[in-house]
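This is input.cif (mmCIF, C-alpha atoms).
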data_run
loop_
_atom_site.label_atom_id
_atom_site.label_comp_id
_atom_site.auth_asym_id
_atom_site.auth_seq_id
_atom_site.Cartn_x
_atom_site.Cartn_y
_atom_site.Cartn_z
CA MET A 1 44.17 -124.73 29.55
CA SER A 2 47.53 -123.89 27.90
CA HIS A 3 50.80 -125.42 29.06
CA HIS A 4 51.89 -121.99 30.30
CA CYS A 5 48.76 -121.56 32.44
CA LYS A 6 49.13 -125.03 33.94
CA PHE A 7 52.73 -124.23 34.90
CA ILE A 8 51.67 -121.02 36.67
CA THR A 9 48.87 -122.86 38.51
CA VAL A 10 51.31 -125.48 39.81
CA ILE A 11 53.67 -122.77 41.09
CA VAL A 12 50.84 -120.91 42.87
CA LEU A 13 49.54 -124.09 44.51
CA GLY A 14 53.04 -124.94 45.63
CA LEU A 15 53.49 -121.54 47.24
CA VAL A 16 50.13 -121.85 49.02
CA ALA A 17 51.05 -125.30 50.30
CA CYS A 18 54.36 -124.06 51.65
CA SER A 19 52.63 -121.12 53.30
CA LEU A 20 50.01 -123.33 54.94
CA SER A 21 52.68 -125.79 56.03
CA GLY A 22 54.53 -123.02 57.82
CA TRP A 23 51.32 -121.73 59.41
CA PHE A 24 50.34 -125.17 60.75
CA SER A 25 53.83 -125.79 62.10
CA ALA A 26 53.52 -122.60 64.13
CA PHE A 27 50.26 -123.80 65.70
CA PRO A 28 50.41 -127.41 66.97
CA SER A 29 47.42 -129.71 66.59
CA VAL A 30 44.79 -130.01 69.32
CA ALA A 31 46.17 -133.45 70.20
CA GLN A 32 49.69 -132.04 70.52
CA ALA A 33 48.45 -129.15 72.64
CA GLN A 34 46.56 -131.52 74.94
CA GLN A 35 49.63 -133.72 75.30
CA ALA A 36 51.74 -130.69 76.20
CA GLN A 37 49.13 -129.57 78.73
CA ARG A 38 49.04 -133.03 80.29
CA ARG A 39 52.81 -132.97 80.62
CA LYS A 40 52.58 -129.63 82.44
CA VAL A 41 49.78 -130.79 84.73
CA ARG A 42 51.45 -134.10 85.59
CA GLY A 43 54.10 -132.56 87.82
CA ARG A 44 52.21 -129.48 88.92
CA GLN A 45 50.60 -129.01 92.27
CA THR A 46 46.83 -128.92 92.47
CA GLN A 47 44.84 -125.69 92.27
CA ALA A 48 43.50 -123.75 95.24
CA PRO A 49 41.75 -126.28 97.53
CA THR A 50 38.97 -123.88 98.52
CA ARG A 51 36.55 -121.53 96.77
CA SER A 52 36.53 -119.06 99.66
CA LYS A 53 37.98 -115.63 98.88
CA HIS A 54 39.41 -115.20 102.39
CA TYR A 55 42.50 -117.35 101.87
CA GLU A 56 45.99 -116.24 100.94
CA ARG A 57 48.55 -118.46 99.26
CA HIS A 58 51.93 -119.19 100.87
CA THR A 59 54.81 -121.58 100.26
CA TYR A 60 56.82 -123.41 102.90
CA LYS A 61 60.05 -125.33 102.47
CA ALA A 62 60.36 -128.23 104.91
CA LYS A 63 63.56 -129.41 106.55
CA ASP A 64 63.88 -132.30 104.11
CA GLY A 65 63.68 -129.89 101.17
CA THR A 66 60.03 -130.56 100.32
CA SER A 67 58.25 -127.44 99.08
CA ILE A 68 54.55 -127.25 99.88
CA ASP A 69 51.98 -124.60 99.04
CA TYR A 70 49.27 -123.81 101.54
CA TRP A 71 46.33 -121.44 101.78
CA LEU A 72 45.76 -119.59 105.03
CA MET A 73 42.68 -117.85 106.40
CA SER A 74 42.70 -115.65 109.50
CA PRO A 75 39.68 -114.78 111.66
CA ALA A 76 37.55 -111.94 110.30
CA GLU A 77 38.54 -109.83 113.31
CA VAL A 78 41.63 -110.54 115.38
CA GLN A 79 41.27 -108.92 118.79
CA SER A 80 44.33 -107.93 120.76
CA GLY A 81 45.23 -110.37 123.53
CA GLN A 82 42.93 -113.12 122.26
CA LYS A 83 44.03 -116.47 120.82
CA TYR A 84 42.15 -118.48 118.22
CA PRO A 85 41.81 -122.14 117.18
CA LEU A 86 43.68 -123.47 114.15
CA VAL A 87 42.23 -126.05 111.76
CA LEU A 88 44.36 -128.14 109.42
CA ALA A 89 42.07 -128.93 106.46
CA LEU A 90 43.28 -131.71 104.14
CA HIS A 91 41.89 -132.04 100.63
CA GLY A 92 40.98 -135.26 98.85
CA ARG A 93 42.43 -136.68 95.64
CA GLY A 94 40.33 -134.21 93.66
CA GLY A 95 42.17 -131.31 95.29
CA THR A 96 39.20 -129.82 97.16
CA THR A 97 38.75 -129.32 100.89
CA THR A 98 35.13 -128.61 101.69
CA ALA A 99 36.00 -127.86 105.31
CA ALA A 100 38.11 -124.86 104.30
CA THR A 101 35.36 -123.58 102.03
CA VAL A 102 32.66 -123.95 104.70
CA LEU A 103 34.75 -122.28 107.42
CA GLY A 104 35.55 -119.52 104.93
CA SER A 105 31.88 -118.75 104.29
CA GLU A 106 30.63 -115.43 105.64
CA LYS A 107 28.27 -117.14 108.09
CA TYR A 108 30.71 -119.62 109.59
CA ARG A 109 33.65 -117.24 109.56
CA ARG A 110 31.72 -115.04 111.98
CA GLN A 111 30.26 -117.92 113.97
CA PHE A 112 33.53 -119.84 114.35
CA PRO A 113 36.47 -117.40 114.28
CA CYS A 114 39.62 -119.41 113.65
CA PHE A 115 42.73 -119.80 111.55
CA VAL A 116 42.55 -122.40 108.79
CA ILE A 117 45.54 -123.83 106.93
CA ALA A 118 44.75 -125.78 103.76
CA PRO A 119 47.96 -127.32 102.37
CA VAL A 120 48.20 -128.58 98.80
CA SER A 121 49.64 -131.98 97.94
CA THR A 122 51.33 -132.69 94.63
CA ARG A 123 49.23 -134.71 92.19
CA GLN A 124 51.40 -137.76 92.77
CA GLY A 125 51.53 -137.27 96.53
CA VAL A 126 49.44 -138.62 99.40
CA TRP A 127 48.99 -137.20 102.86
CA ALA A 128 49.86 -140.40 104.68
CA ARG A 129 50.01 -144.14 104.04
CA ALA A 130 48.18 -146.77 106.05
CA ARG A 131 49.11 -150.37 105.32
CA LYS A 132 46.87 -153.37 105.87
CA THR A 133 43.58 -151.55 105.30
CA ILE A 134 40.84 -153.18 103.27
CA GLY A 135 40.40 -151.64 99.87
CA SER A 136 43.55 -149.56 100.16
CA GLY A 137 45.17 -151.28 97.17
CA ASN A 138 48.90 -151.33 96.65
CA ARG A 139 49.85 -148.30 98.66
CA LYS A 140 53.55 -148.91 98.00
CA LYS A 141 52.94 -147.36 94.59
CA ALA A 142 51.54 -144.19 96.17
CA GLY A 143 53.59 -141.02 95.89
CA LYS A 144 55.47 -139.00 98.45
CA GLU A 145 53.87 -138.46 101.84
CA MET A 146 53.13 -134.74 102.15
CA LEU A 147 51.78 -134.74 105.71
CA PRO A 148 55.15 -134.13 107.45
CA ALA A 149 55.71 -130.98 105.36
CA ALA A 150 52.13 -129.85 106.01
CA ILE A 151 52.57 -130.24 109.76
CA GLU A 152 55.88 -128.37 109.63
CA ALA A 153 54.13 -125.54 107.79
CA LEU A 154 51.41 -125.54 110.45
CA GLU A 155 53.93 -125.37 113.29
CA SER A 156 55.69 -122.45 111.61
CA LEU A 157 52.49 -120.44 112.10
CA LEU A 158 52.44 -120.87 115.88
CA GLU A 159 55.09 -118.22 116.43
CA LYS A 160 53.60 -115.77 113.93
CA TYR A 161 49.91 -115.70 114.82
CA PRO A 162 47.77 -115.63 118.00
CA ILE A 163 46.93 -119.34 117.92
CA ASP A 164 45.60 -121.30 120.88
CA ARG A 165 47.95 -124.29 121.05
CA ASP A 166 45.39 -126.28 123.01
CA ARG A 167 42.86 -125.95 120.18
CA ILE A 168 44.62 -127.21 117.06
CA TYR A 169 42.44 -129.54 114.98
CA VAL A 170 42.66 -131.64 111.83
CA THR A 171 39.99 -132.71 109.38
CA GLY A 172 39.87 -133.95 105.82
CA GLN A 173 37.85 -135.77 103.21
CA SER A 174 38.66 -138.96 101.29
CA MET A 175 42.47 -138.91 100.92
CA GLY A 176 42.30 -136.15 103.51
CA GLY A 177 40.32 -138.50 105.76
CA PHE A 178 43.24 -140.91 105.68
CA GLY A 179 45.51 -137.93 106.29
CA THR A 180 43.46 -136.94 109.33
CA PHE A 181 43.96 -140.34 110.93
CA GLY A 182 47.62 -140.21 109.92
CA ALA A 183 48.11 -136.79 111.52
CA LEU A 184 46.60 -137.98 114.79
CA VAL A 185 48.73 -141.14 114.79
CA GLN A 186 51.93 -139.22 114.01
CA ARG A 187 51.30 -136.24 116.29
CA PRO A 188 48.86 -137.03 119.11
CA ASP A 189 50.72 -134.38 121.13
CA LEU A 190 49.76 -131.62 118.68
CA PHE A 191 46.09 -132.07 117.84
CA ALA A 192 43.20 -131.60 120.25
CA ALA A 193 40.69 -133.47 118.04
CA GLY A 194 40.05 -134.73 114.54
CA ILE A 195 37.23 -135.25 112.05
CA PRO A 196 38.06 -137.84 109.36
CA VAL A 197 35.45 -137.99 106.60
CA ALA A 198 35.18 -140.85 104.07
CA GLY A 199 38.62 -142.12 105.03
CA GLY A 200 40.13 -144.91 107.06
CA TRP A 201 43.27 -146.25 108.66
CA ALA A 202 45.02 -149.39 109.91
CA VAL A 203 43.31 -150.73 113.03
CA ARG A 204 46.68 -151.63 114.54
CA ASP A 205 47.15 -147.91 115.28
CA ALA A 206 43.92 -147.61 117.29
CA GLU A 207 45.79 -147.65 120.59
CA LYS A 208 47.80 -144.57 119.56
CA ILE A 209 44.74 -142.36 119.12
CA LYS A 210 42.26 -143.81 121.63
CA ASP A 211 42.61 -140.74 123.88
CA THR A 212 42.07 -138.19 121.08
CA PRO A 213 38.49 -136.91 120.59
CA LEU A 214 37.27 -138.12 117.20
CA TRP A 215 34.16 -137.73 115.13
CA VAL A 216 34.22 -140.05 112.14
CA PHE A 217 31.84 -139.66 109.17
CA HIS A 218 31.14 -141.99 106.25
CA GLY A 219 28.35 -142.78 103.77
CA ASP A 220 27.01 -146.33 103.73
CA LYS A 221 26.91 -146.33 99.90
CA ASP A 222 30.51 -145.20 99.42
CA ASN A 223 31.91 -147.13 96.44
CA VAL A 224 35.28 -145.35 96.46
CA VAL A 225 36.50 -145.79 100.03
CA PRO A 226 34.77 -148.78 101.68
CA THR A 227 32.63 -147.85 104.66
CA GLU A 228 34.22 -150.77 106.53
CA LEU A 229 37.42 -148.75 106.87
CA SER A 230 35.71 -146.26 109.17
CA ARG A 231 33.56 -148.87 110.90
CA ASN A 232 36.54 -151.08 111.70
CA MET A 233 38.68 -148.20 112.90
CA VAL A 234 35.95 -146.88 115.20
CA GLU A 235 35.38 -150.37 116.60
CA ALA A 236 39.12 -150.87 117.19
CA ILE A 237 39.41 -147.53 119.00
CA ARG A 238 36.45 -148.40 121.21
CA LYS A 239 37.98 -151.78 122.04
CA ALA A 240 41.19 -149.95 122.98
CA GLY A 241 39.22 -147.84 125.45
CA GLY A 242 38.49 -144.78 123.33
CA HIS A 243 35.16 -143.05 122.80
CA PRO A 244 34.99 -141.85 119.18
CA LYS A 245 31.76 -140.47 117.74
CA TYR A 246 30.62 -142.12 114.52
CA THR A 247 28.02 -140.95 112.02
CA GLU A 248 27.12 -143.08 109.00
CA PHE A 249 24.82 -141.44 106.48
CA ALA A 250 22.23 -143.81 105.00
CA GLY A 251 22.05 -143.78 101.21
CA VAL A 252 25.03 -141.44 100.87
CA GLY A 253 27.99 -142.22 98.61
CA HIS A 254 31.54 -140.92 98.68
CA ASN A 255 30.57 -137.25 99.12
CA SER A 256 29.60 -137.64 102.78
CA TRP A 257 31.59 -134.49 103.55
CA SER A 258 28.80 -132.36 102.05
CA ARG A 259 26.54 -133.29 104.96
CA ALA A 260 29.24 -133.64 107.61
CA TYR A 261 30.63 -130.13 107.15
CA ALA A 262 27.31 -128.41 106.48
CA SER A 263 26.04 -129.00 110.01
CA PRO A 264 26.97 -126.37 112.63
CA ARG A 265 26.83 -129.16 115.22
CA THR A 266 29.97 -130.63 113.67
CA TRP A 267 31.87 -127.41 114.28
CA ASP A 268 30.29 -126.78 117.68
CA TRP A 269 31.67 -130.14 118.77
CA LEU A 270 35.12 -129.61 117.22
CA PHE A 271 35.77 -126.17 118.69
CA ALA A 272 34.65 -127.34 122.13
CA GLN A 273 37.55 -129.81 122.29
CA LYS A 274 40.79 -128.89 124.07
CA ARG A 275 44.09 -130.70 124.11
CA GLN A 276 44.53 -132.79 127.21
CA PRO A 277 47.89 -133.40 128.93
CA ARG A 278 49.43 -136.72 127.83
#
Exercise: express the given structure as structure tokens:
Amino acid sequence: MSHHCKFITVIVLGLVACSLSGWFSAFPSVAQAQQAQRRKVRGRQTQAPTRSKHYERHTYKAKDGTSIDYWLMSPAEVQSGQKYPLVLALHGRGGTTTAATVLGSEKYRRQFPCFVIAPVSTRQGVWARARKTIGSGNRKKAGKEMLPAAIEALESLLEKYPIDRDRIYVTGQSMGGFGTFGALVQRPDLFAAGIPVAGGWAVRDAEKIKDTPLWVFHGDKDNVVPTELSRNMVEAIRKAGGHPKYTEFAGVGHNSWSRAYASPRTWDWLFAQKRQPR
């Protein structure tokens, strides 16, 4: 190859390299894109907590400035002059609330007409903290408690919709199971009953909720939230004079909510409860 041809080849290759360099700079690497996506997800609130199509998204700003998204479902048919129960459904760390999905199914929506509010915690947030619980880890490192904002959002609905104030309930799975206990401890005046699933709480608070109807569920093979948390709480409530129901599924791991919420007996029991004067 002549010296002239080599010179032209070098120039062409240089131009191609510059062109490719500019093209690659316009499109970041997969690793860079994933890092950027992680940065976006880190501070973002979780996705819709239910797969049901009957929920609408809303946002509520609490008195302390906390902004919380929630998904709301109304009864399939709202009849004039009639009031309906309201269920607060709290999702777990994974962002899903099976209770809201089940109650939003066509079958159960007709069988159990009610309002359901499914609030969404931030990824760093927790519903409520319970200290001195086995297996709870260092809960001081947990994020902001979102339960107060969720309850404020719930109470804002009472003036807008035909809700029976004597039939307001709370249920949740995993982190939402802790949140269920927390809601009952914080507001025993508000909730008529609760169903904590695969959760737990500090036994020192048993006295505060001994008069609230409870049905606690857990799997005996749960390797995420120790079954002892539910067992000990139920025992403490009974010693305090309460009468909680307790169902422990043999051979079931952390997903005990799949069985707990699938049974119509669970909902028959819940909707039969009414708030008692304190």
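The smallest atom-to-atom distance between Gly177 (chain A) and any of A:Val197, A:Ile68, A:Ala272, A:Leu147, using all atoms listed in the file, is found for A:Val197.
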Just the residues within 10 Å of Ala262 (chain A), please, counting only C-alpha atoms, with nothing from its chain fewer than 2 positions along; format it as an mmCIF file with C-alpha atoms, keeping the file's coordinate frame.
data_model
loop_
_atom_site.group_PDB
_atom_site.id
_atom_site.type_symbol
_atom_site.label_atom_id
_atom_site.label_comp_id
_atom_site.auth_asym_id
_atom_site.auth_seq_id
_atom_site.Cartn_x
_atom_site.Cartn_y
_atom_site.Cartn_z
ATOM 1 C CA THR A 98 35.130 -128.610 101.690
ATOM 2 C CA ALA A 99 36.000 -127.860 105.310
ATOM 3 C CA VAL A 102 32.660 -123.950 104.700
ATOM 4 C CA LEU A 103 34.750 -122.280 107.420
ATOM 5 C CA TYR A 108 30.710 -119.620 109.590
ATOM 6 C CA TRP A 257 31.590 -134.490 103.550
ATOM 7 C CA SER A 258 28.800 -132.360 102.050
ATOM 8 C CA ARG A 259 26.540 -133.290 104.960
ATOM 9 C CA ALA A 260 29.240 -133.640 107.610
ATOM 10 C CA PRO A 264 26.970 -126.370 112.630
ATOM 11 C CA ARG A 265 26.830 -129.160 115.220
ATOM 12 C CA THR A 266 29.970 -130.630 113.670
ATOM 13 C CA TRP A 267 31.870 -127.410 114.280
#
Residue IDs satisfying the PyMOL selection byres ((chain A and resi 121) around 10), as a PyMOL selection string: chain A and resi 44-47+49+67-70+90-93+95+118-120+122-127+144-147+149-150
Minimum-distance residue to Ala130 (chain A), chosen among A:Val203, A:Gln82, A:Leu157, A:Thr171 (using all atoms listed in the file): A:Val203
Residue by residue, what does the PyMOL selection byres ((chain A and resi 168) around 9) grab here? Present the result as a list in words. Pro85, Leu86, Val87, Leu88, Ile163, Asp164, Arg165, Asp166, Arg167, Tyr169, Val170, Leu190, Phe191, Ala192, Ala193, Lys274 and Arg275 of chain A
Would you work out the distance separating CA of Gly182 (chain A) from CA of Lys210 (chain A), expressed in Å to one decimal?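 Computing it gives 13.4 Å between the two atoms.
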The PyMOL selection byres ((chain A and resi 226) around 12) - which residues does that actually catch in the file I just gave you? List them as an NGL selection string. :A and (133-137 or 174 or 197-201 or 218-225 or 227-233 or 253-254)
